[in-house]
file input_6.txt (compact mmCIF, C-alpha atoms)
# COMPACT_ATOMS: atom_id res chain seq x y z
CA MET A 28 45.26 -22.36 -10.95
CA ILE A 29 43.91 -19.92 -13.52
CA ARG A 30 46.25 -17.97 -15.79
CA LEU A 31 44.56 -14.69 -16.59
CA ALA A 32 45.96 -12.40 -19.30
CA ALA A 33 45.05 -8.73 -19.08
CA VAL A 34 45.65 -5.48 -20.91
CA GLY A 35 43.94 -2.14 -21.36
CA ASP A 36 44.19 1.04 -23.41
CA LEU A 37 44.93 -0.51 -26.79
CA HIS A 38 43.81 2.69 -28.57
CA LEU A 39 43.61 0.98 -31.96
CA GLY A 40 42.83 2.68 -35.24
CA PRO A 41 42.78 1.71 -38.92
CA ASP A 42 46.51 2.33 -39.33
CA ALA A 43 47.20 -0.28 -36.60
CA ALA A 44 45.17 -3.07 -38.22
CA GLY A 45 46.98 -6.37 -37.78
CA THR A 46 49.78 -4.97 -35.65
CA TYR A 47 48.35 -5.82 -32.22
CA ARG A 48 47.11 -9.24 -33.29
CA ALA A 49 50.62 -10.06 -34.51
CA GLN A 50 51.80 -9.86 -30.87
CA LEU A 51 49.21 -12.37 -29.61
CA GLY A 52 50.49 -15.54 -31.28
CA ARG A 53 51.44 -17.24 -27.99
CA LEU A 54 48.53 -15.90 -25.97
CA ALA A 55 46.40 -19.07 -25.95
CA GLY A 56 49.37 -21.04 -24.63
CA ASN A 57 50.10 -18.51 -21.90
CA ALA A 58 46.61 -18.00 -20.46
CA GLU A 59 43.08 -19.39 -20.18
CA VAL A 60 41.27 -16.06 -20.63
CA LEU A 61 42.04 -12.50 -21.79
CA LEU A 62 40.60 -9.45 -20.02
CA VAL A 63 40.63 -6.11 -21.84
CA ALA A 64 40.21 -3.07 -19.57
CA GLY A 65 38.73 -0.49 -21.93
CA ASP A 66 39.89 2.23 -24.31
CA LEU A 67 39.99 -0.23 -27.15
CA THR A 68 39.76 2.62 -29.67
CA ARG A 69 41.19 6.12 -30.06
CA HIS A 70 38.05 8.15 -30.74
CA GLY A 71 35.25 5.59 -30.39
CA THR A 72 34.34 5.46 -34.08
CA VAL A 73 32.66 2.52 -35.76
CA GLU A 74 35.65 2.15 -38.08
CA GLU A 75 38.00 1.83 -35.12
CA GLY A 76 35.64 -0.61 -33.43
CA ARG A 77 35.76 -2.81 -36.50
CA VAL A 78 39.56 -2.92 -36.26
CA VAL A 79 39.37 -3.94 -32.60
CA ALA A 80 36.89 -6.71 -33.37
CA ASP A 81 39.21 -8.10 -36.04
CA GLU A 82 42.26 -7.93 -33.74
CA LEU A 83 40.54 -9.81 -30.89
CA ARG A 84 38.42 -12.39 -32.69
CA ASP A 85 39.28 -16.11 -32.73
CA LEU A 86 42.29 -15.92 -30.42
CA GLY A 87 41.75 -19.44 -29.10
CA LEU A 88 40.58 -18.40 -25.62
CA PRO A 89 37.66 -16.42 -24.13
CA VAL A 90 38.02 -12.64 -24.37
CA ILE A 91 36.12 -10.46 -21.89
CA ALA A 92 36.18 -6.70 -22.32
CA VAL A 93 34.78 -3.44 -21.03
CA LEU A 94 34.64 -0.14 -22.85
CA GLY A 95 36.55 2.97 -21.78
CA ASN A 96 35.94 6.68 -22.04
CA HIS A 97 37.58 6.87 -25.51
CA ASP A 98 35.12 4.23 -26.75
CA TYR A 99 32.24 6.56 -25.83
CA HIS A 100 33.65 9.68 -27.48
CA SER A 101 31.75 9.39 -30.79
CA ASP A 102 28.51 8.12 -29.20
CA ALA A 103 28.97 4.83 -31.08
CA GLN A 104 29.46 2.66 -27.99
CA ASP A 105 26.40 0.54 -28.75
CA GLU A 106 27.58 -0.18 -32.29
CA ILE A 107 31.10 -0.99 -31.06
CA THR A 108 29.70 -3.32 -28.41
CA ALA A 109 27.57 -5.11 -31.01
CA MET A 110 30.57 -5.58 -33.33
CA LEU A 111 32.68 -6.99 -30.52
CA ARG A 112 29.96 -9.41 -29.49
CA ASP A 113 29.47 -10.50 -33.09
CA ALA A 114 33.21 -11.31 -33.10
CA GLY A 115 32.73 -13.62 -30.09
CA ILE A 116 34.03 -11.15 -27.48
CA THR A 117 32.08 -10.85 -24.22
CA VAL A 118 31.46 -7.21 -23.31
CA VAL A 119 30.25 -6.51 -19.77
CA GLU A 120 28.74 -3.28 -18.47
CA GLY A 121 27.37 -3.66 -14.97
CA GLU A 122 26.97 -7.42 -15.28
CA GLY A 123 29.10 -10.53 -15.03
CA VAL A 124 30.01 -13.76 -16.78
CA VAL A 125 31.40 -17.11 -15.58
CA VAL A 126 34.02 -19.00 -17.61
CA ASP A 127 35.09 -22.60 -17.01
CA CYS A 128 38.90 -22.70 -16.84
CA HIS A 129 39.94 -26.37 -16.60
CA GLY A 130 37.55 -27.08 -13.75
CA PHE A 131 37.85 -23.70 -12.04
CA ARG A 132 34.92 -21.33 -12.47
CA LEU A 133 36.23 -17.82 -13.15
CA GLY A 134 33.66 -15.09 -12.60
CA VAL A 135 34.28 -11.66 -14.11
CA ALA A 136 32.04 -8.67 -13.51
CA GLY A 137 32.59 -5.06 -14.39
CA GLY A 138 32.12 -2.19 -16.77
CA LYS A 139 33.56 1.19 -17.63
CA GLY A 140 33.19 2.73 -14.20
CA PHE A 141 33.63 6.46 -13.69
CA GLY A 142 35.41 9.14 -11.66
CA GLY A 143 34.75 11.02 -8.48
CA GLY A 144 37.93 10.66 -6.47
CA PHE A 145 38.99 8.86 -3.33
CA ALA A 146 38.23 8.92 0.37
CA GLY A 147 39.05 12.28 1.89
CA LYS A 148 39.70 13.86 -1.50
CA CYS A 149 36.54 13.19 -3.47
CA CYS A 150 33.70 15.02 -5.13
CA SER A 151 30.26 14.96 -3.52
CA ASP A 152 26.70 15.02 -4.76
CA PHE A 153 26.07 18.49 -3.36
CA GLY A 154 25.43 21.76 -5.10
CA GLU A 155 24.91 22.11 -8.82
CA ARG A 156 22.82 19.66 -10.80
CA GLU A 157 25.85 18.85 -12.97
CA MET A 158 27.94 17.82 -9.93
CA LYS A 159 25.10 15.70 -8.58
CA ALA A 160 24.81 13.95 -11.95
CA PHE A 161 28.58 13.32 -12.05
CA ILE A 162 28.60 11.53 -8.71
CA ALA A 163 25.25 9.83 -9.30
CA HIS A 164 26.73 8.08 -12.34
CA THR A 165 29.57 6.64 -10.24
CA LYS A 166 27.22 5.62 -7.44
CA GLU A 167 24.87 3.87 -9.82
CA PHE A 168 27.69 1.98 -11.52
CA SER A 169 29.31 0.97 -8.24
CA GLU A 170 26.02 -0.45 -6.98
CA ARG A 171 25.60 -2.47 -10.17
CA LEU A 172 29.21 -3.65 -9.95
CA GLY A 173 28.71 -4.87 -6.38
CA THR A 174 25.49 -6.67 -7.26
CA ALA A 175 27.08 -8.32 -10.30
CA LEU A 176 30.14 -9.49 -8.34
CA LEU A 177 28.03 -10.94 -5.54
CA GLY A 178 25.85 -12.72 -8.10
CA LEU A 179 28.75 -14.65 -9.63
CA ASP A 180 28.62 -18.39 -8.88
CA ALA A 181 32.35 -18.90 -9.25
CA ASP A 182 35.49 -20.16 -7.50
CA VAL A 183 37.33 -16.94 -8.29
CA ARG A 184 35.83 -13.48 -8.70
CA VAL A 185 37.58 -10.77 -10.69
CA ALA A 186 36.48 -7.15 -11.11
CA LEU A 187 37.19 -5.61 -14.53
CA THR A 188 36.83 -1.84 -15.00
CA HIS A 189 38.38 0.94 -17.02
CA TYR A 190 38.51 3.56 -14.27
CA SER A 191 40.49 2.75 -11.13
CA PRO A 192 38.97 1.70 -7.81
CA VAL A 193 42.05 2.85 -5.84
CA GLU A 194 44.55 5.68 -5.89
CA ASP A 195 47.59 3.39 -5.38
CA THR A 196 47.77 2.54 -9.07
CA LEU A 197 47.49 6.20 -10.10
CA ALA A 198 50.91 7.10 -8.65
CA GLY A 199 52.73 8.96 -11.40
CA GLU A 200 49.63 10.78 -12.66
CA PRO A 201 49.11 14.45 -11.69
CA LEU A 202 47.23 14.65 -8.39
CA GLU A 203 44.91 17.25 -9.91
CA ILE A 204 43.30 14.68 -12.22
CA TYR A 205 42.80 11.85 -9.70
CA PRO A 206 39.03 12.58 -9.46
CA PHE A 207 38.78 11.91 -13.21
CA LEU A 208 40.70 8.62 -13.04
CA GLY A 209 38.56 6.62 -10.64
CA SER A 210 36.47 6.37 -7.50
CA TYR A 211 36.71 4.74 -4.08
CA LEU A 212 33.05 3.70 -4.43
CA MET A 213 34.12 0.92 -6.78
CA ALA A 214 36.62 -0.31 -4.19
CA GLU A 215 33.85 -0.45 -1.60
CA ALA A 216 31.80 -2.65 -3.93
CA ILE A 217 34.81 -4.88 -4.62
CA ASP A 218 35.63 -5.26 -0.92
CA CYS A 219 32.10 -6.50 -0.19
CA ALA A 220 32.22 -9.30 -2.74
CA ASP A 221 35.12 -11.68 -1.91
CA VAL A 222 37.06 -10.61 -4.99
CA THR A 223 40.51 -12.07 -5.71
CA LEU A 224 41.75 -9.48 -8.20
CA ALA A 225 40.62 -6.11 -9.60
CA VAL A 226 41.90 -5.07 -13.02
CA HIS A 227 41.66 -1.61 -14.59
CA GLY A 228 43.31 0.67 -17.15
CA HIS A 229 42.94 4.41 -17.95
CA ALA A 230 45.96 5.69 -15.96
CA HIS A 231 48.69 5.66 -18.63
CA LYS A 232 51.29 7.22 -16.31
CA GLY A 233 50.23 5.25 -13.27
CA THR A 234 51.66 2.24 -11.44
CA GLU A 235 50.83 -1.44 -11.94
CA LYS A 236 50.24 -2.65 -8.39
CA GLY A 237 47.84 -1.49 -5.70
CA GLU A 238 45.39 -2.76 -3.12
CA THR A 239 41.91 -1.89 -1.88
CA PRO A 240 41.34 -0.96 1.78
CA GLY A 241 40.00 -4.50 2.25
CA GLY A 242 43.16 -6.11 0.88
CA VAL A 243 42.08 -7.00 -2.66
CA ARG A 244 44.95 -6.81 -5.10
CA VAL A 245 44.46 -4.19 -7.84
CA ARG A 246 46.40 -4.13 -11.10
CA ASN A 247 46.62 -1.27 -13.60
CA VAL A 248 47.04 -3.05 -16.94
CA ALA A 249 47.08 -0.01 -19.24
CA MET A 250 49.46 -0.91 -22.05
CA PRO A 251 51.63 2.21 -21.48
CA VAL A 252 52.18 0.93 -17.92
CA LEU A 253 52.82 -2.71 -18.88
CA GLN A 254 55.04 -1.81 -21.84
CA GLN A 255 54.02 -5.08 -23.52
CA ALA A 256 51.02 -6.54 -25.35
CA TYR A 257 49.59 -8.13 -22.18
CA THR A 258 50.60 -9.55 -18.82
CA VAL A 259 49.52 -12.75 -17.08
CA TYR A 260 48.45 -13.25 -13.47
CA ALA A 261 48.19 -16.68 -11.85
CA LEU A 262 45.11 -16.95 -9.63
CA ASP A 263 44.63 -19.71 -7.06
CA GLY A 264 40.96 -20.66 -6.93
CA LEU A 265 41.24 -21.66 -3.28
CA THR A 266 42.84 -18.46 -2.04
CA GLY A 267 40.85 -15.57 -0.65
CA PRO A 268 41.35 -11.90 -1.47
CA ALA A 269 44.11 -11.33 1.09
CA GLY A 270 45.89 -14.68 0.65
CA GLU A 271 49.51 -14.79 -0.38
CA GLY A 272 48.75 -16.86 -3.47
CA ALA A 273 45.88 -14.84 -4.79
CA CYS A 274 47.93 -13.07 -7.42
CA THR A 275 51.45 -14.21 -8.00
CA GLY A 276 52.55 -11.43 -10.29
CA ALA A 277 53.30 -11.15 -13.97
CA ILE A 278 54.49 -13.93 -16.20
CA ALA A 279 56.21 -12.62 -19.31
CA GLY A 280 53.64 -11.97 -22.00
CA ALA A 281 54.21 -11.11 -25.64
CA SER A 282 56.61 -8.25 -26.13

call {"tool": "encode", "arguments": {"input": "input_6.txt", "output": "structure tokens"}}
result
Amino acid sequence: MIRLAAVGDLHLGPDAAGTYRAQLGRLAGNAEVLLVAGDLTRHGTVEEGRVVADELRDLGLPVIAVLGNHDYHSDAQDEITAMLRDAGITVVEGEGVVVDCHGFRLGVAGGKGFGGGFAGKCCSDFGEREMKAFIAHTKEFSERLGTALLGLDADVRVALTHYSPVEDTLAGEPLEIYPFLGSYLMAEAIDCADVTLAVHGHAHKGTEKGETPGGVRVRNVAMPVLQQAYTVYALDGLTGPAGEGACTGAIAGAS
């Protein structure tokens, strides 16, 4: 059994220095690994990235993160990524990593992801060059996500993105912005890779629980949805993506 803590959309800035870390005192006792689903900063500045690195360093367990759209806003995503990695945080973007959790091999692959919408209500790569580029970005990421997930030599595979792979977890957001909150192409990649759990953020007004068409459990861990510093999911390394024990819900995290 692997206890996986997850959260997204921290949106930290200099005025919040020390405040998030103060809520993580029991984290290492509650979980074996922490996943952070993007939007670590407010405006993607180097100064904000430095705060995030300080909040998440030396927590006593592996921390795996992806960036979100806010972390790209100031075009400092490379500098933020470097600071996080220097602090011992694993940042993935179209690749994966395997962590040993007390004999279970946990494989996590992911990245920011992108929008485009969902089956029957999605954008297409037709028409203007700008629209083709929009969808091409999602297609390219989804292909890399699928390849990275399939390449994980692990007992349990988890997909970690910022944008959502399903519309279930967007319930509560305005329908008009669904195409900017995620894409079904990521769900297709996840369903082809024997994934146990998919974790994302981004949808602050969304819903925690959803499922891909192939039966993979999806969890929206944006902090405004969780209303706590993180939540914990218990993953059974012997259970497939549709098994009853694959994700047994939230254990109380820090408040």

call {"tool": "atom_distance", "arguments": {"input": "input_6.txt", "atom1": "atom CA of Val245 of chain A", "atom2": "atom CA of Leu224 of chain A"}}
result
6.0 Å

call {"tool": "closest_residue", "arguments": {"input": "input_6.txt", "among": "A:Leu67, A:Ala49, A:Leu208, A:Val126", "to": "Ile29 of chain A", "atoms": "only C-alpha atoms"}}
result
A:Val126

call {"tool": "closest_residue", "arguments": {"input": "input_6.txt", "among": "A:Asp182, A:Glu215, A:Asp105, A:Glu82", "to": "Thr165 of chain A", "atoms": "only C-alpha atoms"}}
result
A:Glu215

call {"tool": "closest_residue", "arguments": {"input": "input_6.txt", "among": "A:Thr108, A:Thr239, A:Thr174, A:Ser169", "to": "Gly123 of chain A", "atoms": "all atoms listed in the file"}}
result
A:Thr174

call {"tool": "atom_distance", "arguments": {"input": "input_6.txt", "atom1": "atom CA of Val93 of chain A", "atom2": "atom CA of Lys139 of chain A"}}
result
5.9 Å

call {"tool": "closest_residue", "arguments": {"input": "input_6.txt", "among": "A:His97, A:Val63, A:Glu106, A:Ala225", "to": "Gly40 of chain A", "atoms": "only C-alpha atoms"}}
result
A:His97

call {"tool": "closest_residue", "arguments": {"input": "input_6.txt", "among": "A:Gly233, A:Gly56, A:Gly228, A:Pro206", "to": "Gly35 of chain A", "atoms": "all atoms listed in the file"}}
result
A:Gly228

call {"tool": "residues_around", "arguments": {"input": "input_6.txt", "residues": "Gly76 of chain A", "least_positions_apart": "2", "cutoff": "8 Å", "atoms": "only C-alpha atoms", "output": "number ranges by chain"}}
result
A: 67-68, 71-74, 78-80, 107, 110-111

call {"tool": "atom_distance", "arguments": {"input": "input_6.txt", "atom1": "atom CA of His164 of chain A", "atom2": "atom CA of Ala220 of chain A"}}
result
20.6 Å

call {"tool": "residues_around", "arguments": {"input": "input_6.txt", "residues": "segment 130-136 of chain A", "least_positions_apart": "5", "cutoff": "6 Å", "atoms": "all atoms listed in the file", "output": "VMD selection string"}}
result
chain A and resid 122 to 125 175 to 176 179 181 to 186

call {"tool": "write_last_selection", "arguments": {"input": "input_6.txt", "atoms": "C-alpha atoms", "output": "mmCIF file, keeping the file's coordinate frame"}}
result
data_model
loop_
_atom_site.group_PDB
_atom_site.id
_atom_site.type_symbol
_atom_site.label_atom_id
_atom_site.label_comp_id
_atom_site.auth_asym_id
_atom_site.auth_seq_id
_atom_site.Cartn_x
_atom_site.Cartn_y
_atom_site.Cartn_z
ATOM 1 C CA GLU A 122 26.970 -7.420 -15.280
ATOM 2 C CA GLY A 123 29.100 -10.530 -15.030
ATOM 3 C CA VAL A 124 30.010 -13.760 -16.780
ATOM 4 C CA VAL A 125 31.400 -17.110 -15.580
ATOM 5 C CA ALA A 175 27.080 -8.320 -10.300
ATOM 6 C CA LEU A 176 30.140 -9.490 -8.340
ATOM 7 C CA LEU A 179 28.750 -14.650 -9.630
ATOM 8 C CA ALA A 181 32.350 -18.900 -9.250
ATOM 9 C CA ASP A 182 35.490 -20.160 -7.500
ATOM 10 C CA VAL A 183 37.330 -16.940 -8.290
ATOM 11 C CA ARG A 184 35.830 -13.480 -8.700
ATOM 12 C CA VAL A 185 37.580 -10.770 -10.690
ATOM 13 C CA ALA A 186 36.480 -7.150 -11.110
#

call {"tool": "closest_residue", "arguments": {"input": "input_6.txt", "among": "A:Leu212, A:Leu172, A:Ala55, A:Ala64", "to": "His229 of chain A", "atoms": "all atoms listed in the file"}}
result
A:Ala64

call {"tool": "residues_around", "arguments": {"input": "input_6.txt", "residues": "Gly199 of chain A", "least_positions_apart": "6", "cutoff": "12 Å", "atoms": "all atoms listed in the file", "output": "number ranges by chain"}}
result
A: 205, 230-235, 252

call {"tool": "residues_near_point", "arguments": {"input": "input_6.txt", "point": "(39.4, 4.6, -25.8)", "cutoff": "8 Å", "atoms": "all atoms listed in the file", "output": "ChimeraX atom specification"}}
result
/A:36-38,65-71,94-100
